[in-house]
>>> print(open('work.txt').read())   # compact mmCIF, C-alpha atoms
# COMPACT_ATOMS: atom_id res chain seq x y z
CA MET K 1 -42.40 -104.45 32.26
CA ASN K 2 -39.76 -102.31 33.95
CA TYR K 3 -41.93 -99.48 35.36
CA LYS K 4 -38.94 -97.62 36.80
CA ALA K 5 -37.29 -97.46 33.39
CA PHE K 6 -40.61 -96.50 31.79
CA PHE K 7 -41.28 -93.56 34.11
CA THR K 8 -37.65 -92.44 33.89
CA SER K 9 -37.92 -92.43 30.11
CA LEU K 10 -41.26 -90.59 30.26
CA LEU K 11 -39.80 -87.91 32.52
CA PHE K 12 -36.81 -87.58 30.22
CA LEU K 13 -39.11 -87.16 27.21
CA LEU K 14 -41.02 -84.38 28.98
CA VAL K 15 -37.79 -82.60 29.85
CA THR K 16 -36.26 -83.04 26.41
CA GLY K 17 -39.48 -81.88 24.82
CA THR K 18 -39.28 -78.65 26.80
CA LEU K 19 -35.60 -78.21 26.05
CA SER K 20 -36.13 -79.01 22.38
CA PHE K 21 -38.75 -76.26 22.17
CA ALA K 22 -36.37 -73.81 23.81
CA ALA K 23 -33.56 -74.79 21.46
CA THR K 24 -35.79 -74.52 18.38
CA ASP K 25 -36.83 -71.02 19.38
CA LYS K 26 -33.15 -70.21 19.94
CA GLN K 27 -33.85 -69.57 23.59
CA SER K 28 -31.44 -70.32 26.37
CA ILE K 29 -31.88 -71.75 29.82
CA THR K 30 -30.81 -69.23 32.45
CA MET K 31 -29.26 -70.04 35.80
CA THR K 32 -28.72 -67.45 38.52
CA LEU K 33 -26.13 -68.01 41.24
CA PRO K 34 -26.23 -65.70 44.30
CA ASN K 35 -22.99 -63.82 44.88
CA SER K 36 -22.67 -65.56 48.27
CA VAL K 37 -22.36 -68.90 46.45
CA VAL K 38 -19.80 -67.51 44.00
CA LYS K 39 -17.77 -65.98 46.84
CA GLU K 40 -17.77 -69.29 48.70
CA ALA K 41 -16.62 -71.14 45.58
CA ILE K 42 -13.78 -68.65 45.04
CA ALA K 43 -12.72 -68.84 48.70
CA LYS K 44 -12.60 -72.64 48.59
CA SER K 45 -10.48 -72.59 45.42
CA LEU K 46 -7.69 -70.69 47.20
CA PRO K 47 -4.73 -70.80 47.39
CA LEU K 48 -4.47 -70.68 43.61
CA ASN K 49 -1.08 -71.17 41.99
CA PHE K 50 -0.36 -68.80 39.14
CA PRO K 51 2.27 -69.29 36.40
CA ILE K 52 5.05 -66.73 36.01
CA ASN K 53 5.35 -66.07 32.29
CA SER K 54 8.45 -63.91 32.43
CA GLU K 55 12.09 -64.31 31.46
CA ALA K 56 13.09 -61.71 34.06
CA LEU K 57 11.50 -63.42 37.06
CA LEU K 58 11.62 -67.07 38.09
CA GLY K 59 9.84 -68.92 40.88
CA SER K 60 6.23 -69.55 41.87
CA ILE K 61 3.42 -67.29 43.02
CA ALA K 62 0.02 -68.03 44.51
CA ILE K 63 -3.12 -66.04 45.29
CA ASP K 64 -3.70 -66.78 48.98
CA LYS K 65 -6.63 -64.58 49.91
CA ILE K 66 -9.25 -62.27 48.37
CA GLU K 67 -11.01 -59.97 50.83
CA ASN K 68 -13.98 -57.63 50.41
CA LEU K 69 -14.94 -59.23 47.10
CA GLN K 70 -17.56 -57.09 45.33
CA PHE K 71 -19.50 -57.57 42.09
CA LYS K 72 -20.68 -54.94 39.65
CA ALA K 73 -21.89 -55.15 36.05
CA ASN K 74 -19.29 -57.47 34.48
CA THR K 75 -16.64 -56.29 36.93
CA LEU K 76 -15.35 -57.60 40.23
CA SER K 77 -13.08 -56.06 42.82
CA GLY K 78 -11.33 -57.12 45.98
CA HIS K 79 -8.19 -56.88 48.10
CA VAL K 80 -5.77 -59.62 47.04
CA THR K 81 -2.96 -61.17 49.08
CA LEU K 82 -0.31 -62.94 47.03
CA THR K 83 2.82 -64.87 48.00
CA GLY K 84 5.91 -65.70 45.99
CA HIS K 85 8.36 -68.53 46.68
CA LYS K 86 11.87 -69.32 45.45
CA LEU K 87 11.92 -66.05 43.52
CA ASN K 88 14.90 -65.08 41.39
CA ILE K 89 15.44 -61.99 39.25
CA VAL K 90 17.28 -62.72 36.01
CA THR K 91 19.51 -60.07 34.45
CA SER K 92 21.73 -60.30 31.39
CA ILE K 93 25.27 -58.90 31.42
CA ALA K 94 27.57 -59.29 28.40
CA GLY K 95 25.39 -62.08 27.06
CA HIS K 96 25.37 -64.02 30.33
CA ASP K 97 22.28 -64.53 32.50
CA LEU K 98 22.76 -63.77 36.17
CA ARG K 99 20.26 -64.76 38.86
CA MET K 100 19.69 -62.72 41.99
CA LYS K 101 18.02 -64.75 44.71
CA ILE K 102 15.03 -63.02 46.32
CA GLY K 103 13.43 -65.91 48.20
CA SER K 104 9.90 -65.49 49.52
CA LEU K 105 7.64 -62.47 49.33
CA THR K 106 4.16 -61.53 50.57
CA MET K 107 2.34 -58.65 48.92
CA SER K 108 -1.18 -57.27 48.72
CA PHE K 109 -3.05 -54.92 46.40
CA GLN K 110 -6.46 -53.68 45.36
CA CYS K 111 -7.68 -55.42 42.23
CA ASP K 112 -10.49 -54.19 39.97
CA ALA K 113 -11.11 -56.56 37.07
CA THR K 114 -13.38 -56.55 34.04
CA THR K 115 -14.72 -59.79 32.57
CA ARG K 116 -15.93 -60.97 29.19
CA PHE K 117 -17.00 -64.39 27.95
CA ASP K 118 -16.26 -65.89 24.53
CA SER K 119 -18.88 -68.56 23.87
CA ALA K 120 -17.11 -69.98 20.79
CA SER K 121 -14.06 -71.02 22.81
CA GLN K 122 -15.94 -71.37 26.14
CA THR K 123 -13.40 -69.04 27.73
CA LEU K 124 -13.88 -66.40 30.41
CA PHE K 125 -11.38 -63.53 30.12
CA ILE K 126 -10.41 -61.54 33.21
CA LYS K 127 -8.50 -58.25 32.97
CA PRO K 128 -7.26 -56.93 36.35
CA VAL K 129 -6.11 -53.41 37.18
CA ILE K 130 -3.87 -53.20 40.26
CA THR K 131 -3.62 -50.27 42.68
CA ASN K 132 -2.43 -49.66 46.28
CA LEU K 133 0.43 -52.16 46.06
CA GLN K 134 2.00 -53.07 49.42
CA SER K 135 4.81 -55.44 50.39
CA THR K 136 5.51 -56.85 53.86
CA ASP K 137 9.23 -56.35 53.17
CA GLU K 138 10.10 -52.82 52.01
CA SER K 139 13.42 -54.04 50.61
CA LYS K 140 11.48 -56.18 48.12
CA THR K 141 9.12 -53.46 46.91
CA SER K 142 10.73 -53.42 43.45
CA VAL K 143 10.18 -57.18 43.15
CA ALA K 144 6.55 -56.74 44.19
CA SER K 145 6.17 -54.11 41.46
CA THR K 146 7.64 -56.53 38.91
CA ILE K 147 5.14 -59.21 39.93
CA ALA K 148 2.29 -56.68 39.77
CA LEU K 149 3.27 -55.89 36.17
CA LEU K 150 2.65 -59.55 35.29
CA PHE K 151 -1.01 -59.05 36.22
CA ASN K 152 -1.77 -55.39 35.68
CA ASN K 153 -4.03 -54.49 32.75
CA ARG K 154 -3.50 -57.84 31.04
CA GLU K 155 -6.24 -60.20 29.95
CA PHE K 156 -6.08 -63.74 31.33
CA PRO K 157 -8.07 -66.64 29.82
CA LEU K 158 -9.95 -69.03 32.08
CA GLN K 159 -11.06 -72.10 30.16
CA ILE K 160 -14.51 -73.31 31.23
CA GLU K 161 -14.86 -77.08 31.35
CA LYS K 162 -17.72 -78.49 29.32
CA LEU K 163 -20.74 -79.61 31.28
CA LYS K 164 -21.30 -83.34 31.28
CA PRO K 165 -24.15 -84.33 28.95
CA ILE K 166 -27.33 -86.02 30.17
CA VAL K 167 -27.79 -89.44 28.55
CA ALA K 168 -30.97 -91.56 28.71
CA ASP K 169 -31.55 -95.08 27.45
CA MET K 170 -34.80 -95.03 25.44
CA GLY K 171 -34.79 -98.74 24.58
CA ASN K 172 -33.75 -98.77 20.94
CA LYS K 173 -31.68 -95.57 21.08
CA PHE K 174 -29.92 -93.09 23.34
CA LEU K 175 -30.97 -89.47 23.83
CA THR K 176 -28.22 -87.02 24.76
CA ILE K 177 -28.59 -83.44 25.98
CA SER K 178 -25.43 -81.34 25.89
CA MET K 179 -25.24 -77.86 27.37
CA ASN K 180 -23.12 -75.05 25.97
CA ILE K 181 -22.64 -71.88 27.98
CA THR K 182 -23.60 -68.89 25.84
CA THR K 183 -23.32 -66.06 28.37
CA ILE K 184 -21.67 -65.36 31.71
CA LYS K 185 -22.63 -62.03 33.26
CA LEU K 186 -21.80 -60.52 36.62
CA HIS K 187 -24.39 -58.47 38.50
CA PRO K 188 -24.11 -56.76 41.91
CA ASP K 189 -25.99 -59.58 43.63
CA SER K 190 -25.52 -62.59 41.36
CA LEU K 191 -23.81 -64.36 38.49
CA LEU K 192 -25.99 -65.17 35.47
CA LEU K 193 -25.34 -68.18 33.25
CA SER K 194 -27.15 -68.75 29.95
CA LEU K 195 -27.09 -72.32 28.62
CA ARG K 196 -28.00 -73.54 25.14
CA PRO K 197 -29.24 -77.16 25.02
CA ILE K 198 -28.23 -79.40 22.12
CA ILE K 199 -30.30 -82.60 21.79
CA GLU K 200 -29.10 -85.61 19.83
CA SER K 201 -30.28 -89.20 19.39
CA SER K 202 -28.21 -92.19 18.40
CA PRO K 203 -29.31 -95.77 17.65
CA LYS K 204 -27.99 -98.60 19.75
CA LYS K 205 -25.44 -100.86 18.20
CA LYS K 206 -26.78 -104.35 17.61
>>> encode(input="work.txt", output="structure tokens")
Amino acid sequence: MNYKAFFTSLLFLLVTGTLSFAATDKQSITMTLPNSVVKEAIAKSLPLNFPINSEALLGSIAIDKIENLQFKANTLSGHVTLTGHKLNIVTSIAGHDLRMKIGSLTMSFQCDATTRFDSASQTLFIKPVITNLQSTDESKTSVASTIALLFNNREFPLQIEKLKPIVADMGNKFLTISMNITTIKLHPDSLLLSLRPIIESSPKKK
């Protein structure tokens, strides 16, 4: 007898039994992440390239740094440094598009953003409000303002990747636990995730 497989299966049954009870009672599993962990994850994800969805501005922009990141109830704020590369402003004269080369640009601003999570689409929406805009090159202030308008008071979707399911071999069948995120909430000292377990069994193919 394979004792390792037996005890692994027994442990899995105990866990799935607990999760099944929670799912039956329509309860969720909660996970709390300290804000220090969230801040570290955000810092390590930078620089973050951001698409320019504008016919009037071409090029690439990236969020390089977020300083003094603070959490409140479903809001976050911080001082953002952003850079643009190979920037061109597009204007139309007599039906012809003309490009004015801007080049590179570094700008910073205060960002206060609200968040909401849509569980059906597993999407986190972030809506930033920009203030105290500054540019390292005063001659490019108007360009910095144009870039700020791409962000300001607009809601941006952040698709959350599905968590990988847990699969256990029970001999004559497989048990699978999938986790759907039902809630993402920001608090001053933490980020709260609520997960809904979905348990399924499938027979092995002979």
>>> residues_near_point(input="work.txt", point="(13.2, -64.2, 32.2)", cutoff="12 Å", atoms="only C-alpha atoms", output="PDB file with C-alpha atoms, in the coordinates of the input")
ATOM      1  CA  ILE K  52       5.050 -66.730  36.010  1.00  0.00           C
ATOM      2  CA  ASN K  53       5.350 -66.070  32.290  1.00  0.00           C
ATOM      3  CA  SER K  54       8.450 -63.910  32.430  1.00  0.00           C
ATOM      4  CA  GLU K  55      12.090 -64.310  31.460  1.00  0.00           C
ATOM      5  CA  ALA K  56      13.090 -61.710  34.060  1.00  0.00           C
ATOM      6  CA  LEU K  57      11.500 -63.420  37.060  1.00  0.00           C
ATOM      7  CA  LEU K  58      11.620 -67.070  38.090  1.00  0.00           C
ATOM      8  CA  GLY K  59       9.840 -68.920  40.880  1.00  0.00           C
ATOM      9  CA  LEU K  87      11.920 -66.050  43.520  1.00  0.00           C
ATOM     10  CA  ASN K  88      14.900 -65.080  41.390  1.00  0.00           C
ATOM     11  CA  ILE K  89      15.440 -61.990  39.250  1.00  0.00           C
ATOM     12  CA  VAL K  90      17.280 -62.720  36.010  1.00  0.00           C
ATOM     13  CA  THR K  91      19.510 -60.070  34.450  1.00  0.00           C
ATOM     14  CA  SER K  92      21.730 -60.300  31.390  1.00  0.00           C
ATOM     15  CA  ASP K  97      22.280 -64.530  32.500  1.00  0.00           C
ATOM     16  CA  LEU K  98      22.760 -63.770  36.170  1.00  0.00           C
ATOM     17  CA  ARG K  99      20.260 -64.760  38.860  1.00  0.00           C
ATOM     18  CA  MET K 100      19.690 -62.720  41.990  1.00  0.00           C
ATOM     19  CA  THR K 146       7.640 -56.530  38.910  1.00  0.00           C
ATOM     20  CA  LEU K 150       2.650 -59.550  35.290  1.00  0.00           C
TER      21      LEU K 150
END
>>> axis_aligned_box(input="work.txt", around="stretch 43-49 of chain K", padding_each_side="5 Å", output="JSON")
{"center_x": -6.9, "center_y": -70.7, "center_z": 45.3, "size_x": 21.6, "size_y": 13.8, "size_z": 16.7}
>>> atom_distance(input="work.txt", atom1="atom CA of K:Phe174", atom2="atom CA of K:Leu193")
27.2 Å
>>> atom_distance(input="work.txt", atom1="atom CA of K:Pro165", atom2="atom CA of K:Val37")
23.4 Å
>>> residues_near_point(input="work.txt", point="(-20.6, -80.6, 31.2)", cutoff="9 Å", atoms="all atoms listed in the file", output="MDAnalysis selection string")
chainID K and resid 161:166 178:180
>>> atom_distance(input="work.txt", atom1="atom CA of K:Ile66", atom2="atom CA of K:His79")
5.5 Å
>>> closest_residue(input="work.txt", among="K:Thr183, K:Ser45, K:Thr131, K:Thr83", to="K:Ala113", atoms="all atoms listed in the file")
K:Thr131
>>> closest_residue(input="work.txt", among="K:Thr106, K:Thr182, K:Ser60, K:Ser202", to="K:Lys140", atoms="all atoms listed in the file")
K:Thr106
>>> closest_residue(input="work.txt", among="K:Asn49, K:Asn152, K:Asn172, K:Ser145", to="K:Leu133", atoms="only C-alpha atoms")
K:Ser145
>>> build_atoms(input="work.txt", residues="stretch 64-79 of chain K", atoms="N, CA and C atoms", output="short mmCIF file (atom, residue, chain, number, x, y, z; two decimals), in the frame of the given file")
data_model
loop_
_atom_site.label_atom_id
_atom_site.label_comp_id
_atom_site.auth_asym_id
_atom_site.auth_seq_id
_atom_site.Cartn_x
_atom_site.Cartn_y
_atom_site.Cartn_z
N ASP K 64 -3.35 -66.15 47.71
CA ASP K 64 -3.70 -66.78 48.98
C ASP K 64 -5.07 -66.35 49.51
N LYS K 65 -5.42 -65.09 49.28
CA LYS K 65 -6.63 -64.58 49.91
C LYS K 65 -7.21 -63.44 49.08
N ILE K 66 -8.54 -63.39 49.00
CA ILE K 66 -9.25 -62.27 48.37
C ILE K 66 -10.29 -61.77 49.37
N GLU K 67 -10.12 -60.54 49.83
CA GLU K 67 -11.01 -59.97 50.83
C GLU K 67 -11.89 -58.88 50.20
N ASN K 68 -13.04 -58.67 50.83
CA ASN K 68 -13.98 -57.63 50.41
C ASN K 68 -14.31 -57.76 48.92
N LEU K 69 -14.61 -58.97 48.50
CA LEU K 69 -14.94 -59.23 47.10
C LEU K 69 -16.31 -58.63 46.77
N GLN K 70 -16.33 -57.78 45.73
CA GLN K 70 -17.56 -57.09 45.33
C GLN K 70 -17.81 -57.31 43.85
N PHE K 71 -19.10 -57.41 43.49
CA PHE K 71 -19.50 -57.57 42.09
C PHE K 71 -20.21 -56.31 41.61
N LYS K 72 -19.94 -55.97 40.36
CA LYS K 72 -20.68 -54.94 39.65
C LYS K 72 -21.01 -55.49 38.27
N ALA K 73 -21.54 -54.67 37.38
CA ALA K 73 -21.89 -55.15 36.05
C ALA K 73 -20.63 -55.56 35.29
N ASN K 74 -20.43 -56.89 35.19
CA ASN K 74 -19.29 -57.47 34.48
C ASN K 74 -17.93 -57.01 35.01
N THR K 75 -17.90 -56.63 36.27
CA THR K 75 -16.64 -56.29 36.93
C THR K 75 -16.65 -56.88 38.34
N LEU K 76 -15.47 -57.17 38.85
CA LEU K 76 -15.35 -57.60 40.23
C LEU K 76 -14.12 -56.95 40.84
N SER K 77 -14.18 -56.72 42.13
CA SER K 77 -13.08 -56.06 42.82
C SER K 77 -12.87 -56.70 44.18
N GLY K 78 -11.64 -56.57 44.68
CA GLY K 78 -11.33 -57.12 45.98
C GLY K 78 -9.89 -56.82 46.35
N HIS K 79 -9.56 -57.08 47.62
CA HIS K 79 -8.19 -56.88 48.10
C HIS K 79 -7.49 -58.24 48.10
#
